[in-house]
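Structure file start-v1.txt (compact mmCIF, C-alpha atoms (C1' of nucleotides)) follows.
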```txt
# COMPACT_ATOMS: atom_id res chain seq x y z
CA MET Z 23 -7.46 24.53 -11.52
CA THR Z 24 -9.00 21.46 -13.10
CA TYR Z 25 -10.07 20.37 -9.66
CA GLN Z 26 -13.65 19.70 -8.74
CA ARG Z 27 -14.50 19.84 -5.04
CA LYS Z 28 -16.17 16.69 -3.75
CA ILE Z 29 -16.95 17.56 -0.17
CA PRO Z 30 -19.80 20.05 -0.49
CA ILE Z 31 -19.94 23.44 1.14
CA LEU Z 32 -22.95 23.64 3.43
CA GLU Z 33 -25.58 26.32 3.41
CA CYS Z 34 -24.13 28.25 6.33
CA GLY Z 35 -22.33 31.53 6.00
CA HIS Z 36 -19.31 30.41 7.92
CA GLU Z 37 -18.79 27.42 5.62
CA TYR Z 38 -18.17 29.85 2.81
CA VAL Z 39 -15.88 31.90 5.00
CA ARG Z 40 -13.85 28.73 5.45
CA GLU Z 41 -13.74 28.29 1.72
CA ILE Z 42 -12.35 31.74 0.99
CA LEU Z 43 -10.27 32.39 4.12
CA TYR Z 44 -8.86 29.08 5.31
CA GLY Z 45 -5.78 28.98 3.12
CA ARG Z 46 -2.40 28.97 4.80
CA TRP Z 47 -1.43 32.51 3.74
CA LYS Z 48 -4.73 34.18 3.01
CA ILE Z 49 -5.11 36.20 6.17
CA THR Z 50 -1.53 37.37 5.85
CA LEU Z 51 -2.05 38.28 2.20
CA ILE Z 52 -5.25 40.18 2.87
CA TYR Z 53 -3.61 42.01 5.74
CA TYR Z 54 -0.64 43.15 3.69
CA ILE Z 55 -2.71 44.06 0.66
CA ALA Z 56 -5.03 46.09 2.88
CA ASN Z 57 -1.95 47.89 4.12
CA GLY Z 58 -0.68 48.86 0.73
CA VAL Z 59 1.66 46.02 -0.11
CA SER Z 60 0.24 45.52 -3.53
CA ARG Z 61 2.78 43.84 -5.80
CA PRO Z 62 3.40 40.11 -5.98
CA GLY Z 63 7.16 40.44 -5.54
CA GLU Z 64 6.72 42.68 -2.53
CA LEU Z 65 4.29 40.24 -0.97
CA GLN Z 66 6.71 37.41 -1.51
CA ARG Z 67 9.46 39.33 0.23
CA LYS Z 68 7.15 40.18 3.12
CA ILE Z 69 6.26 36.51 3.54
CA PRO Z 70 9.55 34.70 3.04
CA GLN Z 71 8.28 31.54 4.77
CA ALA Z 72 5.86 30.94 1.92
CA GLY Z 73 6.94 29.48 -1.36
CA ARG Z 74 6.42 31.72 -4.35
CA ARG Z 75 4.15 29.22 -6.03
CA VAL Z 76 1.80 28.90 -3.08
CA LEU Z 77 1.35 32.63 -2.80
CA ASP Z 78 0.51 32.75 -6.50
CA VAL Z 79 -2.08 30.05 -6.10
CA GLN Z 80 -3.67 31.68 -3.09
CA LEU Z 81 -3.62 35.12 -4.68
CA ASN Z 82 -5.41 33.63 -7.67
CA GLN Z 83 -8.03 32.15 -5.38
CA LEU Z 84 -8.56 35.47 -3.64
CA VAL Z 85 -9.01 37.09 -7.04
CA LYS Z 86 -11.42 34.37 -8.12
CA HIS Z 87 -13.39 34.91 -4.92
CA GLU Z 88 -13.41 38.66 -5.60
CA ILE Z 89 -11.70 39.51 -2.33
CA ILE Z 90 -8.90 41.24 -4.21
CA SER Z 91 -8.59 42.60 -7.72
CA LYS Z 92 -5.60 42.23 -9.99
CA THR Z 93 -4.46 44.98 -12.30
CA VAL Z 94 -1.82 44.31 -14.91
CA TYR Z 95 -0.05 47.48 -16.03
CA ASP Z 96 1.24 47.08 -19.54
CA GLU Z 97 4.54 48.79 -18.94
CA ALA Z 98 8.05 48.04 -20.12
CA VAL Z 99 8.75 45.93 -17.06
CA ALA Z 100 5.72 43.89 -16.13
CA ARG Z 101 3.89 45.38 -13.19
CA VAL Z 102 0.97 43.89 -11.31
CA GLU Z 103 -0.99 45.29 -8.43
CA TYR Z 104 -3.46 43.64 -6.12
CA ARG Z 105 -6.03 45.68 -4.25
CA LEU Z 106 -8.87 44.87 -1.93
CA THR Z 107 -12.25 44.96 -3.59
CA ALA Z 108 -15.24 46.45 -1.79
CA PHE Z 109 -16.20 42.91 -0.89
CA GLY Z 110 -12.71 42.27 0.41
CA SER Z 111 -12.85 45.42 2.49
CA SER Z 112 -16.06 44.27 4.07
CA LEU Z 113 -14.19 41.15 5.14
CA LEU Z 114 -11.45 43.16 6.80
CA PRO Z 115 -13.16 43.39 10.21
CA VAL Z 116 -13.32 39.60 10.28
CA VAL Z 117 -9.66 39.33 9.42
CA MET Z 118 -8.69 41.94 11.99
CA THR Z 119 -10.75 40.26 14.68
CA ILE Z 120 -8.88 37.02 14.06
CA ILE Z 121 -5.47 38.71 14.03
CA GLU Z 122 -6.15 40.75 17.14
CA TRP Z 123 -7.58 37.94 19.21
CA GLY Z 124 -4.66 35.79 18.14
CA ASN Z 125 -2.13 38.39 19.17
CA GLN Z 126 -3.82 39.16 22.43
CA ASN Z 127 -3.88 35.49 23.37
CA ILE Z 128 -0.64 34.33 21.86
CA LYS Z 129 0.89 33.18 25.11
CA GLU Z 130 -2.09 30.97 25.93
CA LEU Z 131 -2.27 29.79 22.33
CA LYS Z 132 1.35 28.69 22.32
CA ARG Z 133 0.77 26.75 25.48
CA VAL Z 134 -2.35 24.90 24.38
CA THR Z 135 -1.02 24.02 20.93
CA ARG Z 136 2.11 22.41 22.27
CA MET A 17 -3.02 11.10 18.03
CA THR A 18 0.47 9.80 17.31
CA TYR A 19 0.84 12.45 14.69
CA GLN A 20 3.64 15.00 14.72
CA ARG A 21 3.08 18.17 12.76
CA LYS A 22 5.77 18.88 10.18
CA ILE A 23 4.73 22.24 8.78
CA PRO A 24 5.49 24.64 11.63
CA ILE A 25 3.09 27.18 13.07
CA LEU A 26 4.50 30.67 12.66
CA GLU A 27 4.87 33.21 15.43
CA CYS A 28 1.75 35.18 14.49
CA GLY A 29 -1.42 35.10 16.48
CA HIS A 30 -3.60 34.25 13.53
CA GLU A 31 -1.52 31.17 12.71
CA TYR A 32 -2.56 29.75 16.04
CA VAL A 33 -6.15 30.71 15.40
CA ARG A 34 -5.91 28.63 12.23
CA GLU A 35 -4.60 25.74 14.27
CA ILE A 36 -7.46 25.72 16.76
CA LEU A 37 -10.34 26.95 14.59
CA TYR A 38 -9.78 25.71 11.05
CA GLY A 39 -11.36 22.30 11.42
CA ARG A 40 -14.38 21.46 9.33
CA TRP A 41 -16.87 21.49 12.21
CA LYS A 42 -15.20 23.56 14.87
CA ILE A 43 -17.09 26.79 14.42
CA THR A 44 -20.34 24.88 14.35
CA LEU A 45 -19.39 22.94 17.47
CA ILE A 46 -18.32 26.04 19.38
CA TYR A 47 -21.50 27.79 18.36
CA TYR A 48 -23.79 25.00 19.54
CA ILE A 49 -21.87 24.43 22.75
CA ALA A 50 -22.00 28.14 23.51
CA ASN A 51 -25.75 27.90 23.05
CA GLY A 52 -26.23 25.08 25.50
CA VAL A 53 -26.04 22.02 23.28
CA SER A 54 -23.64 20.25 25.54
CA ARG A 55 -23.83 16.52 25.02
CA PRO A 56 -22.04 14.59 22.27
CA GLY A 57 -25.16 12.81 21.08
CA GLU A 58 -27.09 16.06 20.91
CA LEU A 59 -24.32 17.69 18.93
CA GLN A 60 -24.29 14.80 16.50
CA ARG A 61 -28.00 15.12 15.95
CA LYS A 62 -27.64 18.87 15.43
CA ILE A 63 -24.94 18.31 12.82
CA PRO A 64 -26.15 15.32 10.84
CA GLN A 65 -23.87 16.10 7.88
CA ALA A 66 -20.85 15.28 9.99
CA GLY A 67 -19.76 11.78 10.73
CA ARG A 68 -19.81 10.78 14.35
CA ARG A 69 -16.10 9.99 14.32
CA VAL A 70 -15.06 13.37 12.95
CA LEU A 71 -17.04 15.23 15.57
CA ASP A 72 -15.35 13.16 18.26
CA VAL A 73 -11.93 13.96 16.88
CA GLN A 74 -12.65 17.66 16.61
CA LEU A 75 -14.25 17.78 20.06
CA ASN A 76 -11.11 16.16 21.45
CA GLN A 77 -8.97 18.78 19.74
CA LEU A 78 -11.08 21.58 21.17
CA VAL A 79 -10.68 20.06 24.61
CA LYS A 80 -6.95 19.69 24.11
CA HIS A 81 -6.77 23.33 23.07
CA GLU A 82 -8.77 24.27 26.16
CA ILE A 83 -11.56 25.91 24.17
CA ILE A 84 -14.08 23.57 25.73
CA SER A 85 -14.04 21.40 28.82
CA LYS A 86 -15.35 17.88 29.09
CA THR A 87 -17.13 16.60 32.14
CA VAL A 88 -17.91 12.93 32.52
CA TYR A 89 -20.77 12.29 34.92
CA ASP A 90 -20.45 8.88 36.45
CA GLU A 91 -24.11 7.98 36.29
CA ALA A 92 -25.90 4.80 35.44
CA VAL A 93 -26.11 5.73 31.76
CA ALA A 94 -22.94 7.43 30.66
CA ARG A 95 -23.34 11.18 30.45
CA VAL A 96 -20.83 13.67 29.09
CA GLU A 97 -21.07 17.42 28.86
CA TYR A 98 -18.97 19.89 26.97
CA ARG A 99 -18.82 23.52 28.05
CA LEU A 100 -16.96 26.55 26.85
CA THR A 101 -13.98 27.41 29.02
CA ALA A 102 -13.20 31.03 29.85
CA PHE A 103 -10.64 30.90 27.06
CA GLY A 104 -13.26 29.51 24.72
CA SER A 105 -15.68 32.25 25.68
CA SER A 106 -13.07 34.85 24.83
CA LEU A 107 -12.96 33.31 21.36
CA LEU A 108 -16.69 33.63 20.91
CA PRO A 109 -16.61 37.17 19.45
CA VAL A 110 -14.26 35.88 16.76
CA VAL A 111 -16.56 32.98 15.97
CA MET A 112 -19.61 35.22 15.91
CA THR A 113 -17.89 37.72 13.64
CA ILE A 114 -17.18 34.94 11.16
CA ILE A 115 -20.72 33.54 11.34
CA GLU A 116 -22.37 36.92 11.03
CA TRP A 117 -20.26 38.17 8.15
CA GLY A 118 -20.85 34.88 6.42
CA ASN A 119 -24.59 35.07 6.83
CA GLN A 120 -24.78 38.71 5.83
CA ASN A 121 -22.84 38.00 2.65
CA ILE A 122 -24.12 34.58 1.79
CA LYS A 123 -25.55 35.55 -1.57
CA GLU A 124 -22.29 37.07 -2.73
CA LEU A 125 -20.35 34.17 -1.22
CA LYS A 126 -22.38 31.61 -3.12
CA ARG A 127 -21.76 33.47 -6.32
CA VAL A 128 -18.00 33.82 -5.98
CA THR A 129 -17.43 30.27 -4.82
CA ARG A 130 -19.20 28.76 -7.79
C1' DA P 19 26.00 37.94 -23.71
C1' DC P 20 24.93 37.16 -19.12
C1' DA P 21 23.04 37.91 -14.55
C1' DA P 22 19.23 39.43 -12.14
C1' DG P 23 14.74 41.60 -11.95
C1' DT P 24 9.68 41.58 -13.24
C1' DA P 25 5.91 38.05 -13.63
C1' DC P 26 3.22 33.30 -14.37
C1' DG P 27 1.98 28.41 -14.25
C1' DG P 28 2.28 23.01 -15.09
C1' DA P 29 3.26 18.73 -12.77
C1' DT P 30 3.94 16.13 -8.92
C1' DA P 31 5.08 14.89 -4.02
C1' DA P 32 4.26 15.51 0.74
C1' DA P 33 1.49 16.86 4.48
C1' DT P 34 -2.78 17.39 6.54
C1' DT P 35 -7.63 17.02 7.09
C1' DT P 36 -11.90 14.64 6.52
C1' DA P 37 -14.58 10.47 5.70
C1' DT P 38 -15.55 5.68 6.19
C1' DC P 39 -15.51 1.32 8.33
C1' DC P 40 -14.94 -1.29 12.02
C1' DG P 41 -15.18 -2.69 16.89
C1' DT P 42 -15.59 -1.87 22.19
C1' DA P 43 -18.43 -1.34 26.68
C1' DC P 44 -22.22 -0.59 29.57
C1' DC P 45 -27.30 0.41 30.57
C1' DT P 46 -32.40 0.50 29.61
C1' DT P 47 -36.51 -0.77 27.37
C1' DT P 48 -39.16 -4.09 24.93
C1' DA L 30 -32.34 -11.96 24.94
C1' DA L 31 -32.48 -8.70 21.54
C1' DA L 32 -32.79 -3.86 20.13
C1' DG L 33 -31.39 0.59 20.91
C1' DG L 34 -29.57 4.24 23.76
C1' DT L 35 -25.28 6.30 26.03
C1' DA L 36 -20.27 6.89 24.91
C1' DC L 37 -15.26 6.14 22.81
C1' DG L 38 -11.44 5.10 19.61
C1' DG L 39 -8.26 2.32 16.16
C1' DA L 40 -7.20 1.78 11.34
C1' DT L 41 -7.36 3.14 6.89
C1' DA L 42 -8.99 5.51 2.56
C1' DA L 43 -10.17 9.62 0.24
C1' DA L 44 -10.02 14.43 -0.33
C1' DT L 45 -7.76 18.61 0.07
C1' DT L 46 -4.07 21.73 0.92
C1' DT L 47 0.70 22.93 0.88
C1' DA L 48 5.40 22.32 -0.75
C1' DT L 49 8.78 21.43 -4.19
C1' DC L 50 10.69 21.29 -8.67
C1' DC L 51 10.73 22.66 -13.05
C1' DG L 52 10.21 25.74 -16.99
C1' DT L 53 8.37 30.11 -19.63
C1' DA L 54 8.86 35.18 -21.27
C1' DC L 55 10.30 39.75 -21.25
C1' DT L 56 13.50 43.88 -19.53
C1' DT L 57 17.33 46.23 -17.36
C1' DG L 58 21.95 46.81 -15.87
C1' DT L 59 26.76 45.04 -16.11
```

Would you mind writing the file out in structure tokens?
Amino acid sequence: MTYQRKIPILECGHEYVREILYGRWKITLIYYIANGVSRPGELQRKIPQAGRRVLDVQLNQLVKHEIISKTVYDEAVARVEYRLTAFGSSLLPVVMTIIEWGNQNIKELKRVTR
Amino acid sequence: MTYQRKIPILECGHEYVREILYGRWKITLIYYIANGVSRPGELQRKIPQAGRRVLDVQLNQLVKHEIISKTVYDEAVARVEYRLTAFGSSLLPVVMTIIEWGNQNIKELKRVTR
DNA sequence: ACAAGTACGGATAAATTTATCCGTACCTTT
DNA sequence: AAAGGTACGGATAAATTTATCCGTACTTGT
């Protein structure tokens, strides 16, 4: 995290959306967390294509950007839960719009991205 | 364009949305084109922060993905126009959702991305 | 004691995207 | 004829994101 961005974010709303949402697994993570998959291990099992490390990194970014919150329960066996924040919930319509348009148009999308 | 993607696109709709929409200037380009800014030179003047070359590359990708169409008018002085395709128009609600949420939350977004 | 579960993160390589620099061609205005 | 407009694209460097490899610590069940 000792990385300082060099290409600036512009003063448009959607530039910031890029910044917080354009990670490889972020939409997937937000979707699962919104649907009650709250623990890191669970999320990793739900998204087997992603490396464990990458999910960690992207979860940390989502926490930093206050889209999700992280609660560490100090129990015998370590337990962590991620939840959407109010801010994250307000983003959910955006995420769902992307997911739904993608699913509705998947046939066309497969064709044009070949 | 002799580049072959190595990280595969998954079978989810939103993965394809990433593929076609996650370029630095794509939302901006789609927005302007939807609002009648149709010529490459015009678009470059509207988006002075972007290099000319990058816009070209991203416009070509949008054409390849059939989000916009390109018409070359064979006139004395070269004239080119980009227009949204029907497919591109169907994407517009997604783009607008992103832009609007971003603008509505820009204060918060600036804070969390610091 | 050892295997497997919970969880986290440093360091680096590979892939991908974005920026920069260069050059082309043709037409119009000065 | 030179300057400036239209437009396009190759080659490469820089920035950024994603993947891979490694190691930590603690707990439970065998």

Interface, chain L side, toward chain Z (9 Å; all atoms listed in the file) as an MDAnalysis selection string: chainID L and resid 44:49 55:57

Point out the residue among A:Gln65, A:Asn121, A:Thr44, A:Asn76 with the least atom-to-atom distance to chain P, counting all atoms listed in the file. A:Gln65

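Atom pair CA of Pro24 (chain A) / CA of Leu45 (chain A) has a distance of 25.6 Å (rounded to one decimal).
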
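Here the question is which of L:DC37, L:DC51, L:DA43, L:DA32 gets nearest to DT36 (chain P) using only C-alpha atoms (C1' of nucleotides), and that residue is L:DA43.
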
All residues 7 Å or closer to Arg55 (chain A), all atoms listed in the file, same chain fewer than 2 positions away omitted, as number ranges by chain: A: 53, 57-59, 96-98

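The space separating CA of Ile43 (chain A) from CA of Glu82 (chain A) comes to 14.6 Å.
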
Distance filter 12 Å, all atoms listed in the file, chain P against chain Z, as a compact mmCIF listing (two decimals) with C-alpha atoms (C1' of nucleotides), in the frame of the given file:
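Result file follows (out16.txt):
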```txt
# COMPACT_ATOMS: atom_id res chain seq x y z
C1' DG P 23 14.74 41.60 -11.95
C1' DT P 24 9.68 41.58 -13.24
C1' DA P 25 5.91 38.05 -13.63
C1' DC P 26 3.22 33.30 -14.37
C1' DG P 27 1.98 28.41 -14.25
C1' DG P 28 2.28 23.01 -15.09
C1' DT P 34 -2.78 17.39 6.54
C1' DT P 35 -7.63 17.02 7.09
C1' DT P 36 -11.90 14.64 6.52
C1' DA P 37 -14.58 10.47 5.70
```

Mind listing as a PyMOL selection string which residues of chain Z are within 10 Å of chain A, counting all atoms listed in the file? chain Z and resi 31-47+49-50+71+83-89+109+112-113+115-136

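Going from CA of Arg74 (chain Z) to CA of Ser60 (chain Z) covers 15.1 Å.
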
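Of the listed residues Z:Gln26, Z:Gly58, Z:Arg105, Z:Leu114, the one whose atoms come nearest to Ile90 (chain Z) is Z:Arg105, with distances taken using only C-alpha atoms.
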
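Around the coordinate (-8.0, 3.3, 7.6), residues that reach within 12 Å when counting only C-alpha atoms (C1' of nucleotides) are DA37, DT38, DC39 and DC40 of chain P; DG39, DA40, DT41, DA42 and DA43 of chain L.
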